[in-house]
file start-v5.pdb (PDB, C-alpha atoms, pLDDT in the B column)
MODEL        1
ATOM      1  CA  ARG J   1      13.607 -18.249  -3.296  1.00 42.00           C
ATOM      2  CA  MET J   2       9.846 -18.372  -3.033  1.00 44.00           C
ATOM      3  CA  GLN J   3       8.211 -17.886   0.349  1.00 45.00           C
ATOM      4  CA  ASP J   4       5.344 -20.105   1.478  1.00 44.00           C
ATOM      5  CA  ALA J   5       1.895 -18.995   0.459  1.00 43.00           C
ATOM      6  CA  PRO J   6      -0.805 -19.042   3.114  1.00 46.00           C
ATOM      7  CA  GLY J   7      -2.209 -22.531   3.250  1.00 45.00           C
ATOM      8  CA  ALA J   8       0.794 -24.175   1.597  1.00 43.00           C
ATOM      9  CA  ALA J   9       1.494 -26.168   4.748  1.00 40.00           C
ATOM     10  CA  MET J  10      -2.013 -27.655   4.563  1.00 41.00           C
ATOM     11  CA  ARG J  11      -1.348 -28.914   1.044  1.00 44.00           C
ATOM     12  CA  GLY J  12       1.884 -30.555   2.128  1.00 43.00           C
ATOM     13  CA  THR J  13       4.067 -28.494  -0.197  1.00 45.00           C
ATOM     14  CA  SER J  14       5.937 -26.697   2.544  1.00 42.00           C
ATOM     15  CA  ASN J  15       9.663 -27.248   2.870  1.00 43.00           C
ATOM     16  CA  GLY J  16      10.849 -25.078   5.760  1.00 45.00           C
ATOM     17  CA  ASP J  17      10.423 -21.484   4.649  1.00 48.00           C
ATOM     18  CA  GLN J  18      10.420 -22.400   0.965  1.00 57.00           C
ATOM     19  CA  THR J  19       7.926 -23.928  -1.431  1.00 63.00           C
ATOM     20  CA  VAL J  20       8.705 -26.737  -3.839  1.00 72.00           C
ATOM     21  CA  MET J  21       8.666 -25.363  -7.374  1.00 77.00           C
ATOM     22  CA  THR J  22       8.806 -26.964 -10.757  1.00 87.00           C
ATOM     23  CA  ALA J  23      10.932 -25.640 -13.586  1.00 90.00           C
ATOM     24  CA  ARG J  24       7.745 -24.558 -15.347  1.00 90.00           C
ATOM     25  CA  GLN J  25       6.649 -22.461 -12.333  1.00 88.00           C
ATOM     26  CA  LEU J  26      10.077 -20.860 -12.090  1.00 91.00           C
ATOM     27  CA  LEU J  27       9.996 -20.046 -15.799  1.00 93.00           C
ATOM     28  CA  SER J  28       6.545 -18.467 -15.459  1.00 92.00           C
ATOM     29  CA  ILE J  29       7.796 -16.234 -12.617  1.00 92.00           C
ATOM     30  CA  LEU J  30      10.797 -15.277 -14.740  1.00 94.00           C
ATOM     31  CA  ARG J  31       8.596 -14.360 -17.699  1.00 95.00           C
ATOM     32  CA  LEU J  32       6.136 -12.437 -15.519  1.00 94.00           C
ATOM     33  CA  SER J  33       9.045 -10.519 -13.993  1.00 94.00           C
ATOM     34  CA  GLN J  34      10.388  -9.657 -17.420  1.00 95.00           C
ATOM     35  CA  ALA J  35       6.951  -8.481 -18.534  1.00 94.00           C
ATOM     36  CA  LEU J  36       6.599  -6.288 -15.443  1.00 92.00           C
ATOM     37  CA  GLY J  37      10.007  -4.771 -16.196  1.00 93.00           C
ATOM     38  CA  ARG J  38       8.881  -4.023 -19.742  1.00 93.00           C
ATOM     39  CA  LEU J  39       5.739  -2.352 -18.391  1.00 91.00           C
ATOM     40  CA  ARG J  40       8.052   0.075 -16.602  1.00 88.00           C
ATOM     41  CA  PHE J  41       9.960   0.591 -19.889  1.00 92.00           C
ATOM     42  CA  SER J  42      13.073  -0.760 -18.199  1.00 91.00           C
ATOM     43  CA  ASP J  43      15.974  -2.730 -19.640  1.00 92.00           C
ATOM     44  CA  TYR J  44      16.357  -4.754 -16.450  1.00 92.00           C
ATOM     45  CA  VAL J  45      14.210  -6.722 -14.029  1.00 93.00           C
ATOM     46  CA  ALA J  46      14.067  -5.172 -10.565  1.00 92.00           C
ATOM     47  CA  ARG J  47      13.552  -7.059  -7.330  1.00 90.00           C
ATOM     48  CA  GLU J  48      10.074  -5.489  -7.105  1.00 88.00           C
ATOM     49  CA  ASP J  49       9.212  -7.092 -10.463  1.00 90.00           C
ATOM     50  CA  VAL J  50      10.154 -10.526  -9.138  1.00 90.00           C
ATOM     51  CA  ASP J  51       8.248  -9.906  -5.892  1.00 86.00           C
ATOM     52  CA  GLU J  52       5.162  -8.847  -7.840  1.00 87.00           C
ATOM     53  CA  ALA J  53       5.441 -11.899 -10.129  1.00 89.00           C
ATOM     54  CA  ILE J  54       5.627 -14.182  -7.087  1.00 85.00           C
ATOM     55  CA  ARG J  55       2.663 -12.374  -5.514  1.00 83.00           C
ATOM     56  CA  LEU J  56       0.664 -12.746  -8.732  1.00 85.00           C
ATOM     57  CA  THR J  57       1.478 -16.447  -8.837  1.00 83.00           C
ATOM     58  CA  HIS J  58       0.365 -16.904  -5.225  1.00 79.00           C
ATOM     59  CA  MET J  59      -2.825 -14.929  -5.790  1.00 78.00           C
ATOM     60  CA  SER J  60      -3.585 -16.926  -8.928  1.00 80.00           C
ATOM     61  CA  LYS J  61      -3.267 -20.176  -6.988  1.00 77.00           C
ATOM     62  CA  ALA J  62      -5.277 -18.772  -4.076  1.00 72.00           C
ATOM     63  CA  THR J  63      -8.044 -17.587  -6.391  1.00 73.00           C
ATOM     64  CA  LEU J  64      -8.219 -21.005  -8.006  1.00 74.00           C
ATOM     65  CA  ALA J  65      -8.360 -22.679  -4.585  1.00 68.00           C
ATOM     66  CA  ASP J  66     -11.097 -20.252  -3.467  1.00 63.00           C
ATOM     67  CA  GLU J  67     -13.150 -20.918  -6.601  1.00 64.00           C
ATOM     68  CA  LEU J  68     -12.866 -24.669  -6.113  1.00 65.00           C
ATOM     69  CA  HIS J  69     -13.773 -24.338  -2.431  1.00 58.00           C
ATOM     70  CA  ASP J  70     -16.687 -21.950  -3.049  1.00 54.00           C
ATOM     71  CA  ALA J  71     -18.102 -23.879  -6.016  1.00 52.00           C
ATOM     72  CA  PRO J  72     -21.745 -24.820  -5.461  1.00 48.00           C
ATOM     73  CA  GLN J  73     -22.325 -28.537  -5.019  1.00 50.00           C
ATOM     74  CA  GLY J  74     -25.596 -28.702  -6.933  1.00 45.00           C
ATOM     75  CA  GLY J  75     -24.389 -26.682  -9.906  1.00 43.00           C
ATOM     76  CA  GLY J  76     -26.842 -23.854  -9.177  1.00 43.00           C
ATOM     77  CA  GLY J  77     -26.011 -20.319  -8.168  1.00 41.00           C
ATOM     78  CA  GLN J  78     -23.334 -18.017  -9.419  1.00 39.00           C
ATOM     79  CA  ARG J  79     -19.737 -18.857  -8.857  1.00 39.00           C
ATOM     80  CA  GLY J  80     -17.383 -15.897  -8.779  1.00 39.00           C
ATOM     81  CA  SER J  81     -20.163 -13.321  -8.656  1.00 39.00           C
ATOM     82  CA  SER J  82     -18.292 -11.440  -5.942  1.00 41.00           C
ATOM     83  CA  ARG J  83     -15.569  -9.171  -7.320  1.00 41.00           C
ATOM     84  CA  SER J  84     -13.616  -9.629  -4.095  1.00 41.00           C
ATOM     85  CA  GLY J  85     -12.264 -13.026  -5.100  1.00 43.00           C
ATOM     86  CA  GLY J  86     -13.995 -14.811  -2.233  1.00 43.00           C
ATOM     87  CA  ARG J  87     -12.030 -13.055   0.471  1.00 51.00           C
ATOM     88  CA  GLY J  88     -14.866 -10.962   1.878  1.00 54.00           C
ATOM     89  CA  GLU J  89     -13.060  -7.698   1.157  1.00 71.00           C
ATOM     90  CA  ASP J  90     -14.662  -4.734  -0.533  1.00 83.00           C
ATOM     91  CA  VAL J  91     -13.059  -2.740  -3.350  1.00 87.00           C
ATOM     92  CA  THR J  92     -11.785  -0.033  -1.005  1.00 88.00           C
ATOM     93  CA  SER J  93     -10.016  -2.570   1.225  1.00 88.00           C
ATOM     94  CA  ARG J  94      -8.466  -4.319  -1.752  1.00 90.00           C
ATOM     95  CA  ILE J  95      -7.141  -1.058  -3.183  1.00 91.00           C
ATOM     96  CA  PHE J  96      -5.685  -0.115   0.188  1.00 91.00           C
ATOM     97  CA  GLN J  97      -4.043  -3.543   0.418  1.00 90.00           C
ATOM     98  CA  VAL J  98      -2.379  -2.997  -2.985  1.00 90.00           C
ATOM     99  CA  LEU J  99      -0.955   0.320  -1.771  1.00 91.00           C
ATOM    100  CA  LYS J 100       0.110  -1.054   1.595  1.00 90.00           C
ATOM    101  CA  ASP J 101       1.751  -4.111   0.009  1.00 89.00           C
ATOM    102  CA  TYR J 102       3.776  -1.843  -2.266  1.00 89.00           C
ATOM    103  CA  ALA J 103       4.853   0.342   0.670  1.00 88.00           C
ATOM    104  CA  THR J 104       5.845  -2.753   2.637  1.00 88.00           C
ATOM    105  CA  VAL J 105       7.890  -4.225  -0.207  1.00 88.00           C
ATOM    106  CA  SER J 106       9.496  -0.833  -0.840  1.00 85.00           C
ATOM    107  CA  ARG J 107      10.153  -0.355   2.889  1.00 87.00           C
ATOM    108  CA  THR J 108       8.780   3.171   2.827  1.00 88.00           C
ATOM    109  CA  ASN J 109       5.914   5.048   4.444  1.00 88.00           C
ATOM    110  CA  ARG J 110       5.589   7.473   1.510  1.00 91.00           C
ATOM    111  CA  VAL J 111       4.336   6.526  -1.950  1.00 91.00           C
ATOM    112  CA  GLU J 112       3.918   8.816  -4.940  1.00 92.00           C
ATOM    113  CA  LEU J 113       0.259   9.296  -5.895  1.00 91.00           C
ATOM    114  CA  LYS J 114       0.927   8.841  -9.643  1.00 92.00           C
ATOM    115  CA  LEU J 115       2.552   5.482  -8.920  1.00 91.00           C
ATOM    116  CA  CYS J 116      -0.425   4.473  -6.756  1.00 90.00           C
ATOM    117  CA  GLU J 117      -2.821   5.404  -9.519  1.00 91.00           C
ATOM    118  CA  ALA J 118      -0.830   3.410 -12.075  1.00 90.00           C
ATOM    119  CA  MET J 119      -0.765   0.320  -9.836  1.00 89.00           C
ATOM    120  CA  VAL J 120      -4.472   0.525  -9.078  1.00 90.00           C
ATOM    121  CA  LEU J 121      -5.475   1.061 -12.714  1.00 89.00           C
ATOM    122  CA  ARG J 122      -3.236  -1.831 -13.797  1.00 88.00           C
ATOM    123  CA  LYS J 123      -5.090  -4.092 -11.357  1.00 87.00           C
ATOM    124  CA  GLY J 124      -8.439  -3.223 -12.911  1.00 86.00           C
ATOM    125  CA  PHE J 125      -9.729  -0.596 -10.492  1.00 89.00           C
ATOM    126  CA  THR J 126     -10.799   2.916 -11.477  1.00 89.00           C
ATOM    127  CA  ALA J 127      -9.380   6.301 -10.522  1.00 90.00           C
ATOM    128  CA  GLN J 128     -12.671   7.076  -8.771  1.00 91.00           C
ATOM    129  CA  GLN J 129     -12.363   3.923  -6.651  1.00 91.00           C
ATOM    130  CA  LEU J 130      -8.829   4.963  -5.712  1.00 92.00           C
ATOM    131  CA  GLN J 131     -10.059   8.425  -4.746  1.00 92.00           C
ATOM    132  CA  THR J 132     -12.822   6.918  -2.597  1.00 92.00           C
ATOM    133  CA  CYS J 133     -10.284   4.634  -0.925  1.00 92.00           C
ATOM    134  CA  LEU J 134      -7.916   7.518  -0.181  1.00 92.00           C
ATOM    135  CA  GLU J 135     -10.719   9.637   1.276  1.00 91.00           C
ATOM    136  CA  GLU J 136     -11.958   6.801   3.470  1.00 90.00           C
ATOM    137  CA  TYR J 137      -8.546   5.893   4.852  1.00 90.00           C
ATOM    138  CA  GLN J 138      -7.663   9.570   5.379  1.00 89.00           C
ATOM    139  CA  ALA J 139     -10.832   9.961   7.450  1.00 89.00           C
ATOM    140  CA  LEU J 140      -9.676   6.973   9.526  1.00 88.00           C
ATOM    141  CA  ASP J 141      -6.215   8.593  10.012  1.00 86.00           C
ATOM    142  CA  ILE J 142      -4.457   5.618   8.448  1.00 88.00           C
ATOM    143  CA  ILE J 143      -3.010   7.554   5.529  1.00 90.00           C
ATOM    144  CA  GLN J 144      -2.412  11.230   4.849  1.00 91.00           C
ATOM    145  CA  MET J 145      -1.841  13.181   1.649  1.00 91.00           C
ATOM    146  CA  ASN J 146       1.015  15.656   1.639  1.00 89.00           C
ATOM    147  CA  ALA J 147       0.271  19.381   1.251  1.00 89.00           C
ATOM    148  CA  THR J 148       0.787  19.354  -2.528  1.00 90.00           C
ATOM    149  CA  GLY J 149      -1.290  16.190  -3.033  1.00 87.00           C
ATOM    150  CA  THR J 150       1.517  14.310  -4.784  1.00 90.00           C
ATOM    151  CA  HIS J 151       2.358  11.682  -2.142  1.00 92.00           C
ATOM    152  CA  ILE J 152       0.534   9.396   0.256  1.00 92.00           C
ATOM    153  CA  ASP J 153       2.007   8.928   3.726  1.00 91.00           C
ATOM    154  CA  PHE J 154       1.128   5.827   5.743  1.00 89.00           C
ATOM    155  CA  LEU J 155       0.710   6.828   9.362  1.00 84.00           C
ATOM    156  CA  GLY J 156       2.331   4.355  11.727  1.00 75.00           C
ATOM    157  CA  GLU J 157       4.635   1.560  10.706  1.00 65.00           C
ATOM    158  CA  VAL J 158       4.225  -0.279   7.425  1.00 58.00           C
ATOM    159  CA  SER J 159       4.914  -3.933   8.147  1.00 54.00           C
TER     160      SER J 159
ENDMDL
END
call {"tool": "encode", "arguments": {"input": "start-v5.pdb", "output": "structure tokens"}}
result
Amino acid sequence: RMQDAPGAAMRGTSNGDQTVMTARQLLSILRLSQALGRLRFSDYVAREDVDEAIRLTHMSKATLADELHDAPQGGGGQRGSSRSGGRGEDVTSRIFQVLKDYATVSRTNRVELKLCEAMVLRKGFTAQQLQTCLEEYQALDIIQMNATGTHIDFLGEVS
């Protein structure tokens, strides 16, 4: 079951709490999920793989919609010059969102640092950008590293 993406109701594709999907879309989510399972060197597809495949599909559609919406009318200017995907977020905020989304899906307030680094690198960010993000959010008392520096704890509830 695929949850509505933000803005799906505006496009008229909403059907209660589900989105209308074609067989081709379902097959692409299946293949993405399988690929994510293989990235973990696993023989099975976990629920997190399916969730990530659905998230990637939503983000792909959202990025396309943003690019079409932000396209200059006169043909001048640079489209897509912002690395933030048109959402007005900086790199640090986007990295934090990746970590928070994982914690939310996993229903945990503690995430292993090595796993965070792998997720962030896989999404095209650098280890230095992750470090900057962690330092900034620690200073804001939103996250905290454990004493050994192997886990990140989200302070407060992860929703």
call {"tool": "resolve_selection", "arguments": {"input": "start-v5.pdb", "expression": "the PyMOL selection byres ((chain J and resi 99) around 12)", "output": "PDB file with C-alpha atoms, keeping the file's coordinate frame"}}
result
ATOM      1  CA  THR J  92     -11.785  -0.033  -1.005  1.00 88.00           C
ATOM      2  CA  SER J  93     -10.016  -2.570   1.225  1.00 88.00           C
ATOM      3  CA  ARG J  94      -8.466  -4.319  -1.752  1.00 90.00           C
ATOM      4  CA  ILE J  95      -7.141  -1.058  -3.183  1.00 91.00           C
ATOM      5  CA  PHE J  96      -5.685  -0.115   0.188  1.00 91.00           C
ATOM      6  CA  GLN J  97      -4.043  -3.543   0.418  1.00 90.00           C
ATOM      7  CA  VAL J  98      -2.379  -2.997  -2.985  1.00 90.00           C
ATOM      8  CA  LYS J 100       0.110  -1.054   1.595  1.00 90.00           C
ATOM      9  CA  ASP J 101       1.751  -4.111   0.009  1.00 89.00           C
ATOM     10  CA  TYR J 102       3.776  -1.843  -2.266  1.00 89.00           C
ATOM     11  CA  ALA J 103       4.853   0.342   0.670  1.00 88.00           C
ATOM     12  CA  THR J 104       5.845  -2.753   2.637  1.00 88.00           C
ATOM     13  CA  VAL J 105       7.890  -4.225  -0.207  1.00 88.00           C
ATOM     14  CA  SER J 106       9.496  -0.833  -0.840  1.00 85.00           C
ATOM     15  CA  THR J 108       8.780   3.171   2.827  1.00 88.00           C
ATOM     16  CA  ASN J 109       5.914   5.048   4.444  1.00 88.00           C
ATOM     17  CA  ARG J 110       5.589   7.473   1.510  1.00 91.00           C
ATOM     18  CA  VAL J 111       4.336   6.526  -1.950  1.00 91.00           C
ATOM     19  CA  GLU J 112       3.918   8.816  -4.940  1.00 92.00           C
ATOM     20  CA  LEU J 113       0.259   9.296  -5.895  1.00 91.00           C
ATOM     21  CA  LYS J 114       0.927   8.841  -9.643  1.00 92.00           C
ATOM     22  CA  LEU J 115       2.552   5.482  -8.920  1.00 91.00           C
ATOM     23  CA  CYS J 116      -0.425   4.473  -6.756  1.00 90.00           C
ATOM     24  CA  GLU J 117      -2.821   5.404  -9.519  1.00 91.00           C
ATOM     25  CA  ALA J 118      -0.830   3.410 -12.075  1.00 90.00           C
ATOM     26  CA  MET J 119      -0.765   0.320  -9.836  1.00 89.00           C
ATOM     27  CA  VAL J 120      -4.472   0.525  -9.078  1.00 90.00           C
ATOM     28  CA  LEU J 121      -5.475   1.061 -12.714  1.00 89.00           C
ATOM     29  CA  LYS J 123      -5.090  -4.092 -11.357  1.00 87.00           C
ATOM     30  CA  LEU J 130      -8.829   4.963  -5.712  1.00 92.00           C
ATOM     31  CA  CYS J 133     -10.284   4.634  -0.925  1.00 92.00           C
ATOM     32  CA  LEU J 134      -7.916   7.518  -0.181  1.00 92.00           C
ATOM     33  CA  TYR J 137      -8.546   5.893   4.852  1.00 90.00           C
ATOM     34  CA  ILE J 143      -3.010   7.554   5.529  1.00 90.00           C
ATOM     35  CA  HIS J 151       2.358  11.682  -2.142  1.00 92.00           C
ATOM     36  CA  ILE J 152       0.534   9.396   0.256  1.00 92.00           C
ATOM     37  CA  ASP J 153       2.007   8.928   3.726  1.00 91.00           C
ATOM     38  CA  PHE J 154       1.128   5.827   5.743  1.00 89.00           C
ATOM     39  CA  VAL J 158       4.225  -0.279   7.425  1.00 58.00           C
TER      40      VAL J 158
END
call {"tool": "residues_around", "arguments": {"input": "start-v5.pdb", "residues": "J:Ala53", "least_positions_apart": "2", "cutoff": "9 Å", "atoms": "all atoms listed in the file", "output": "list in words"}}
result
Ser28, Ile29, Leu30, Arg31, Leu32, Ser33, Leu36, Glu48, Asp49, Val50, Asp51, Arg55, Leu56, Thr57 and His58 of chain J
call {"tool": "atom_distance", "arguments": {"input": "start-v5.pdb", "atom1": "atom CA of J:Asp141", "atom2": "atom CA of J:Gly124"}}
result
25.9 Å
call {"tool": "atom_distance", "arguments": {"input": "start-v5.pdb", "atom1": "atom CA of J:Ile142", "atom2": "atom CA of J:Ile54"}}
result
27.1 Å
call {"tool": "atom_distance", "arguments": {"input": "start-v5.pdb", "atom1": "atom CA of J:Ala35", "atom2": "atom CA of J:Phe125"}}
result
20.1 Å
